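**Q** So I've got this file, protein-v9.pdb, and it contains PDB, C-alpha atoms, pLDDT in the B column:
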ATOM      1  CA  MET W   1       7.810  -4.914 -85.505  1.00 57.00           C
ATOM      2  CA  ASP W   2      11.318  -4.427 -86.924  1.00 67.00           C
ATOM      3  CA  GLU W   3      12.585  -3.319 -83.510  1.00 89.00           C
ATOM      4  CA  ILE W   4      12.210  -6.803 -81.992  1.00 94.00           C
ATOM      5  CA  ILE W   5      15.422  -8.260 -80.577  1.00 97.00           C
ATOM      6  CA  PHE W   6      15.647 -11.973 -79.799  1.00 98.00           C
ATOM      7  CA  ARG W   7      18.167 -12.851 -77.113  1.00 98.00           C
ATOM      8  CA  SER W   8      18.891 -15.271 -74.321  1.00 98.00           C
ATOM      9  CA  ALA W   9      16.988 -14.463 -71.169  1.00 98.00           C
ATOM     10  CA  THR W  10      18.807 -13.123 -68.149  1.00 98.00           C
ATOM     11  CA  ILE W  11      17.838 -13.424 -64.507  1.00 97.00           C
ATOM     12  CA  GLU W  12      16.637  -9.805 -64.679  1.00 98.00           C
ATOM     13  CA  ASP W  13      13.989 -10.927 -67.224  1.00 98.00           C
ATOM     14  CA  LEU W  14      12.503 -13.464 -64.823  1.00 97.00           C
ATOM     15  CA  PRO W  15       9.681 -11.313 -63.367  1.00 97.00           C
ATOM     16  CA  ALA W  16       8.442 -10.441 -66.873  1.00 97.00           C
ATOM     17  CA  ILE W  17       8.660 -14.063 -68.032  1.00 97.00           C
ATOM     18  CA  VAL W  18       6.772 -15.383 -65.009  1.00 97.00           C
ATOM     19  CA  SER W  19       4.131 -12.687 -65.459  1.00 95.00           C
ATOM     20  CA  MET W  20       3.586 -13.853 -69.039  1.00 96.00           C
ATOM     21  CA  LEU W  21       3.390 -17.491 -67.913  1.00 95.00           C
ATOM     22  CA  ALA W  22       0.708 -16.551 -65.382  1.00 94.00           C
ATOM     23  CA  ASP W  23      -1.298 -14.365 -67.775  1.00 93.00           C
ATOM     24  CA  ASP W  24      -3.710 -16.898 -69.244  1.00 85.00           C
ATOM     25  CA  PRO W  25      -6.478 -19.202 -67.977  1.00 83.00           C
ATOM     26  CA  LEU W  26      -4.158 -22.190 -67.450  1.00 85.00           C
ATOM     27  CA  GLY W  27      -1.187 -20.228 -66.138  1.00 87.00           C
ATOM     28  CA  MET W  28      -3.173 -18.251 -63.585  1.00 82.00           C
ATOM     29  CA  VAL W  29      -3.865 -21.529 -61.764  1.00 86.00           C
ATOM     30  CA  ARG W  30      -0.348 -22.958 -61.796  1.00 88.00           C
ATOM     31  CA  GLU W  31       2.013 -19.946 -61.895  1.00 90.00           C
ATOM     32  CA  SER W  32       2.622 -17.095 -59.452  1.00 86.00           C
ATOM     33  CA  ALA W  33       4.936 -14.123 -59.596  1.00 85.00           C
ATOM     34  CA  ASP W  34       4.527 -13.676 -55.822  1.00 88.00           C
ATOM     35  CA  ASP W  35       7.463 -15.972 -55.043  1.00 91.00           C
ATOM     36  CA  LEU W  36      10.224 -16.113 -57.647  1.00 95.00           C
ATOM     37  CA  ARG W  37      12.452 -18.544 -55.685  1.00 94.00           C
ATOM     38  CA  PRO W  38      11.379 -21.696 -57.570  1.00 95.00           C
ATOM     39  CA  TYR W  39      11.695 -19.871 -60.878  1.00 96.00           C
ATOM     40  CA  ARG W  40      15.201 -18.643 -59.977  1.00 97.00           C
ATOM     41  CA  ALA W  41      16.283 -22.220 -59.249  1.00 96.00           C
ATOM     42  CA  ALA W  42      14.808 -23.430 -62.550  1.00 97.00           C
ATOM     43  CA  PHE W  43      16.403 -20.513 -64.409  1.00 98.00           C
ATOM     44  CA  ALA W  44      19.828 -21.405 -62.978  1.00 98.00           C
ATOM     45  CA  GLU W  45      19.480 -24.983 -64.255  1.00 97.00           C
ATOM     46  CA  ILE W  46      18.296 -23.894 -67.685  1.00 98.00           C
ATOM     47  CA  ASP W  47      21.006 -21.263 -67.968  1.00 97.00           C
ATOM     48  CA  ALA W  48      23.739 -23.772 -67.061  1.00 98.00           C
ATOM     49  CA  ASP W  49      22.563 -26.421 -69.549  1.00 98.00           C
ATOM     50  CA  PRO W  50      23.967 -26.066 -73.089  1.00 97.00           C
ATOM     51  CA  ARG W  51      20.988 -28.036 -74.434  1.00 98.00           C
ATOM     52  CA  GLN W  52      18.527 -25.413 -73.199  1.00 98.00           C
ATOM     53  CA  GLU W  53      17.782 -21.931 -74.498  1.00 98.00           C
ATOM     54  CA  LEU W  54      15.381 -19.601 -72.763  1.00 98.00           C
ATOM     55  CA  LEU W  55      14.618 -16.864 -75.261  1.00 98.00           C
ATOM     56  CA  VAL W  56      13.007 -13.498 -74.901  1.00 98.00           C
ATOM     57  CA  ALA W  57      11.709 -11.145 -77.534  1.00 98.00           C
ATOM     58  CA  GLU W  58      12.477  -7.590 -76.535  1.00 97.00           C
ATOM     59  CA  HIS W  59      10.546  -4.618 -77.907  1.00 94.00           C
ATOM     60  CA  SER W  60      11.627  -1.070 -77.035  1.00 91.00           C
ATOM     61  CA  GLY W  61      13.589  -2.337 -74.019  1.00 92.00           C
ATOM     62  CA  THR W  62      10.682  -4.404 -72.659  1.00 95.00           C
ATOM     63  CA  VAL W  63      10.367  -8.200 -72.608  1.00 97.00           C
ATOM     64  CA  ALA W  64       7.414  -8.850 -74.915  1.00 97.00           C
ATOM     65  CA  GLY W  65       7.631 -12.606 -75.518  1.00 98.00           C
ATOM     66  CA  THR W  66       9.361 -15.787 -74.409  1.00 98.00           C
ATOM     67  CA  ALA W  67       9.906 -19.410 -75.378  1.00 98.00           C
ATOM     68  CA  GLN W  68      12.098 -22.237 -74.156  1.00 98.00           C
ATOM     69  CA  LEU W  69      13.980 -24.428 -76.609  1.00 98.00           C
ATOM     70  CA  SER W  70      15.298 -27.828 -75.541  1.00 98.00           C
ATOM     71  CA  PHE W  71      17.632 -29.803 -77.787  1.00 98.00           C
ATOM     72  CA  LEU W  72      17.016 -33.527 -77.418  1.00 97.00           C
ATOM     73  CA  PRO W  73      19.528 -36.032 -78.762  1.00 96.00           C
ATOM     74  CA  GLY W  74      18.099 -39.435 -79.563  1.00 95.00           C
ATOM     75  CA  LEU W  75      18.699 -42.751 -81.266  1.00 97.00           C
ATOM     76  CA  ALA W  76      15.572 -42.591 -83.438  1.00 95.00           C
ATOM     77  CA  ARG W  77      15.840 -41.190 -86.963  1.00 95.00           C
ATOM     78  CA  LYS W  78      19.484 -42.298 -87.152  1.00 94.00           C
ATOM     79  CA  GLY W  79      20.606 -40.431 -84.057  1.00 95.00           C
ATOM     80  CA  ALA W  80      18.799 -37.207 -84.861  1.00 96.00           C
ATOM     81  CA  VAL W  81      18.585 -34.215 -82.577  1.00 97.00           C
ATOM     82  CA  ARG W  82      15.160 -32.624 -82.258  1.00 97.00           C
ATOM     83  CA  ALA W  83      14.155 -29.316 -80.769  1.00 98.00           C
ATOM     84  CA  GLN W  84      11.278 -29.060 -78.319  1.00 97.00           C
ATOM     85  CA  ILE W  85       9.563 -25.667 -77.981  1.00 98.00           C
ATOM     86  CA  GLU W  86       7.895 -25.003 -74.623  1.00 96.00           C
ATOM     87  CA  ALA W  87       6.289 -22.151 -72.687  1.00 95.00           C
ATOM     88  CA  VAL W  88       5.606 -19.861 -75.637  1.00 96.00           C
ATOM     89  CA  ARG W  89       4.074 -16.624 -74.434  1.00 95.00           C
ATOM     90  CA  VAL W  90       3.535 -13.126 -75.789  1.00 96.00           C
ATOM     91  CA  ALA W  91       2.758 -10.218 -73.479  1.00 96.00           C
ATOM     92  CA  ARG W  92      -0.892  -9.190 -73.706  1.00 93.00           C
ATOM     93  CA  PRO W  93      -0.253  -5.719 -75.252  1.00 92.00           C
ATOM     94  CA  MET W  94       1.850  -7.318 -78.016  1.00 94.00           C
ATOM     95  CA  ARG W  95      -0.605 -10.043 -79.052  1.00 92.00           C
ATOM     96  CA  GLY W  96      -2.106 -10.093 -82.517  1.00 91.00           C
ATOM     97  CA  ILE W  97       0.636  -8.136 -84.298  1.00 92.00           C
ATOM     98  CA  GLY W  98       2.851 -10.994 -85.467  1.00 93.00           C
ATOM     99  CA  LEU W  99       5.290 -11.269 -82.568  1.00 95.00           C
ATOM    100  CA  GLY W 100       4.303 -14.879 -81.817  1.00 95.00           C
ATOM    101  CA  SER W 101       5.017 -15.886 -85.419  1.00 96.00           C
ATOM    102  CA  ARG W 102       8.398 -14.179 -85.326  1.00 96.00           C
ATOM    103  CA  LEU W 103       9.204 -15.877 -82.002  1.00 97.00           C
ATOM    104  CA  ILE W 104       8.432 -19.341 -83.404  1.00 97.00           C
ATOM    105  CA  GLU W 105      10.387 -18.538 -86.585  1.00 97.00           C
ATOM    106  CA  GLU W 106      13.350 -17.601 -84.389  1.00 98.00           C
ATOM    107  CA  CYS W 107      13.053 -20.907 -82.523  1.00 98.00           C
ATOM    108  CA  VAL W 108      12.980 -22.805 -85.831  1.00 98.00           C
ATOM    109  CA  ARG W 109      15.990 -20.823 -87.093  1.00 98.00           C
ATOM    110  CA  ARG W 110      17.958 -21.692 -83.963  1.00 98.00           C
ATOM    111  CA  ALA W 111      16.960 -25.358 -84.263  1.00 98.00           C
ATOM    112  CA  ARG W 112      18.216 -25.464 -87.856  1.00 98.00           C
ATOM    113  CA  GLU W 113      21.417 -23.743 -86.758  1.00 97.00           C
ATOM    114  CA  ARG W 114      21.965 -26.524 -84.202  1.00 97.00           C
ATOM    115  CA  GLY W 115      21.412 -29.243 -86.818  1.00 97.00           C
ATOM    116  CA  CYS W 116      18.023 -30.453 -85.600  1.00 98.00           C
ATOM    117  CA  ILE W 117      16.059 -32.724 -87.901  1.00 97.00           C
ATOM    118  CA  LEU W 118      12.691 -31.542 -86.594  1.00 96.00           C
ATOM    119  CA  VAL W 119      11.000 -29.127 -84.237  1.00 97.00           C
ATOM    120  CA  GLN W 120       8.178 -30.295 -82.025  1.00 96.00           C
ATOM    121  CA  LEU W 121       5.917 -28.705 -79.478  1.00 94.00           C
ATOM    122  CA  THR W 122       2.932 -29.542 -77.370  1.00 90.00           C
ATOM    123  CA  SER W 123      -0.084 -27.405 -76.666  1.00 88.00           C
ATOM    124  CA  ASP W 124      -2.784 -28.039 -74.084  1.00 87.00           C
ATOM    125  CA  SER W 125      -5.852 -29.545 -75.743  1.00 88.00           C
ATOM    126  CA  SER W 126      -7.960 -26.603 -74.559  1.00 89.00           C
ATOM    127  CA  ARG W 127      -5.852 -24.047 -76.460  1.00 90.00           C
ATOM    128  CA  VAL W 128      -7.760 -24.212 -79.750  1.00 89.00           C
ATOM    129  CA  ASP W 129      -6.544 -20.790 -80.930  1.00 89.00           C
ATOM    130  CA  ALA W 130      -2.942 -21.854 -80.335  1.00 91.00           C
ATOM    131  CA  HIS W 131      -3.525 -25.004 -82.394  1.00 91.00           C
ATOM    132  CA  ARG W 132      -4.719 -22.882 -85.353  1.00 93.00           C
ATOM    133  CA  PHE W 133      -1.717 -20.603 -84.883  1.00 90.00           C
ATOM    134  CA  TYR W 134       0.783 -23.481 -84.995  1.00 93.00           C
ATOM    135  CA  SER W 135      -0.975 -25.052 -87.987  1.00 90.00           C
ATOM    136  CA  LYS W 136      -0.694 -21.767 -89.904  1.00 94.00           C
ATOM    137  CA  LEU W 137       3.045 -21.844 -89.223  1.00 92.00           C
ATOM    138  CA  GLY W 138       3.337 -25.311 -90.811  1.00 93.00           C
ATOM    139  CA  PHE W 139       3.227 -27.515 -87.724  1.00 92.00           C
ATOM    140  CA  GLU W 140       1.206 -30.715 -88.079  1.00 93.00           C
ATOM    141  CA  ALA W 141      -0.879 -32.306 -85.344  1.00 89.00           C
ATOM    142  CA  SER W 142       0.846 -35.637 -85.953  1.00 91.00           C
ATOM    143  CA  HIS W 143       0.797 -37.277 -82.515  1.00 90.00           C
ATOM    144  CA  VAL W 144      -1.365 -37.735 -79.467  1.00 85.00           C
ATOM    145  CA  GLY W 145       0.373 -36.761 -76.238  1.00 85.00           C
ATOM    146  CA  PHE W 146       0.011 -38.297 -72.801  1.00 87.00           C
ATOM    147  CA  LYS W 147       0.995 -36.906 -69.429  1.00 85.00           C
ATOM    148  CA  LEU W 148       1.397 -38.446 -65.997  1.00 91.00           C
ATOM    149  CA  MET W 149       1.489 -35.827 -63.251  1.00 87.00           C
ATOM    150  CA  LEU W 150       3.954 -36.763 -60.507  1.00 94.00           C
ATOM    151  CA  ALA W 151       3.434 -33.721 -58.291  1.00 87.00           C
ATOM    152  CA  GLU W 152       1.196 -30.688 -58.127  1.00 77.00           C
ATOM    153  CA  THR W 153       4.115 -28.250 -58.064  1.00 71.00           C
ATOM    154  CA  SER W 154       7.862 -28.320 -58.141  1.00 68.00           C
ATOM    155  CA  ASP W 155       9.682 -28.984 -54.859  1.00 58.00           C
ATOM    156  CA  ARG W 156      12.390 -26.417 -55.618  1.00 62.00           C
TER
END
Can I see the file as structure tokens?

**A**
Amino acid sequence: MDEIIFRSATIEDLPAIVSMLADDPLGMVRESADDLRPYRAAFAEIDADPRQELLVAEHSGTVAGTAQLSFLPGLARKGAVRAQIEAVRVARPMRGIGLGSRLIEECVRRARERGCILVQLTSDSSRVDAHRFYSKLGFEASHVGFKLMLAETSDR
């Protein structure tokens, strides 16, 4: 696992990232690598925004994991900045060997580097294994989240 490189994603990484997003029971319903146009548009926005980081974990020249970090300034907690971790995925062949832990640790390291007061994430209520994983890494299930869907898919 020492040969893992964490870096900012490039547009060339997009097919691998989308494949990881689609490779689970929830993602297979809402993601598709068949048409990368909406993902390219989203990537361009993320890439241009200094408060966004789309990370990949590279192993032996192959994208093996991904996560998106968003840095959210706010008034609460005396004007604190918090980091939001989203879309954490590890490629199927790399699961169970510690890559996910290293990916989250890298996100936390980057959040500290940016002066964030806390790191938060959400996980679908059906992802019980993910909840255990995040708990083992020190995350607390401290809030109840709510969602209001405005559209089935993006209009990109």

**Q** Residues picked by the PyMOL selection byres ((chain W and resi 72) around 10) here, as number ranges by chain?

**A** W: 51-52, 69-71, 73-74, 80-84, 116

**Q** Tell me, counting all atoms listed in the file, for each residue of segment 37-70 of chain W within 8 Å of segment 8-16 of chain W, which pair of atoms is nearest and how far apart they are in Å to one decimal, in rows ordered by chain and increasing number, as a tab-separated table.

**A**
residue	atom	partner	partner_atom	distance
W:Tyr39	CA	W:Leu14	CA	7.6
W:Arg40	CA	W:Ile11	CA	7.4
W:Phe43	CA	W:Ile11	CA	7.2
W:Glu53	CA	W:Ser8	CA	6.8
W:Leu54	CA	W:Ala9	CA	5.6
W:Leu55	CA	W:Ser8	CA	4.7
W:Val56	CA	W:Ala9	CA	5.5
W:Val63	CA	W:Ala16	CA	6.5

**Q** Between W:Gln120, W:Ser101, W:Ser32, W:Thr153, single out the one closest to Arg132 of chain W, counting only C-alpha atoms.

**A**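 Between W:Gln120, W:Ser101, W:Ser32, W:Thr153, the residue approaching Arg132 of chain W most closely is W:Ser101.
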
**Q** Quick one: distance from atom CA of Val88 of chain W to atom CA of Thr66 of chain W in Å, one decimal?

**A** 5.7 Å

**Q** Could you tell me which residues the PyMOL selection byres ((chain W and resi 33) around 12) grabs in this file, written as an NGL selection string?

**A** :W and (14-23 or 27-32 or 34-40)

**Q** So, counting only C-alpha atoms, which residue among W:Glu140, W:Asp129, W:Ala44, W:Leu103 is closest to Glu86 of chain W?

**A**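 The closest residue to Glu86 of chain W is W:Leu103.
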
**Q** Quote the spacing between atom CA of Leu75 of chain W and atom CA of Arg110 of chain W in Å to one decimal place.

**A** 21.2 Å

**Q** Please, what distance in Å, to one decimal, runs between atom CA of Arg7 of chain W and atom CA of Ala57 of chain W?

**A**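 Between atom CA of Arg7 of chain W and atom CA of Ala57 of chain W the gap works out to 6.7 Å.
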
**Q** From the list W:Leu150, W:Ile104, W:Ile46, W:Leu118, which residue is nearest Tyr134 of chain W when using only C-alpha atoms?

**A**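 Comparing W:Leu150, W:Ile104, W:Ile46, W:Leu118 against Tyr134 of chain W, the winner is W:Ile104.
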
**Q** Put a box with edges along x, y and z around all the listed atoms of segment 68-71 of chain W, pad it by 4 Å on each side, then give me its centre and sizes in Å, one decimal, as JSON.

**A**
{"center_x": 14.9, "center_y": -26.0, "center_z": -76.0, "size_x": 13.5, "size_y": 15.6, "size_z": 11.6}

**Q** Residue by residue, what does the PyMOL selection byres ((chain W and resi 5) around 8) grab here? Present the result as a PyMOL selection string.

**A** chain W and resi 3-4+6-7+57-59
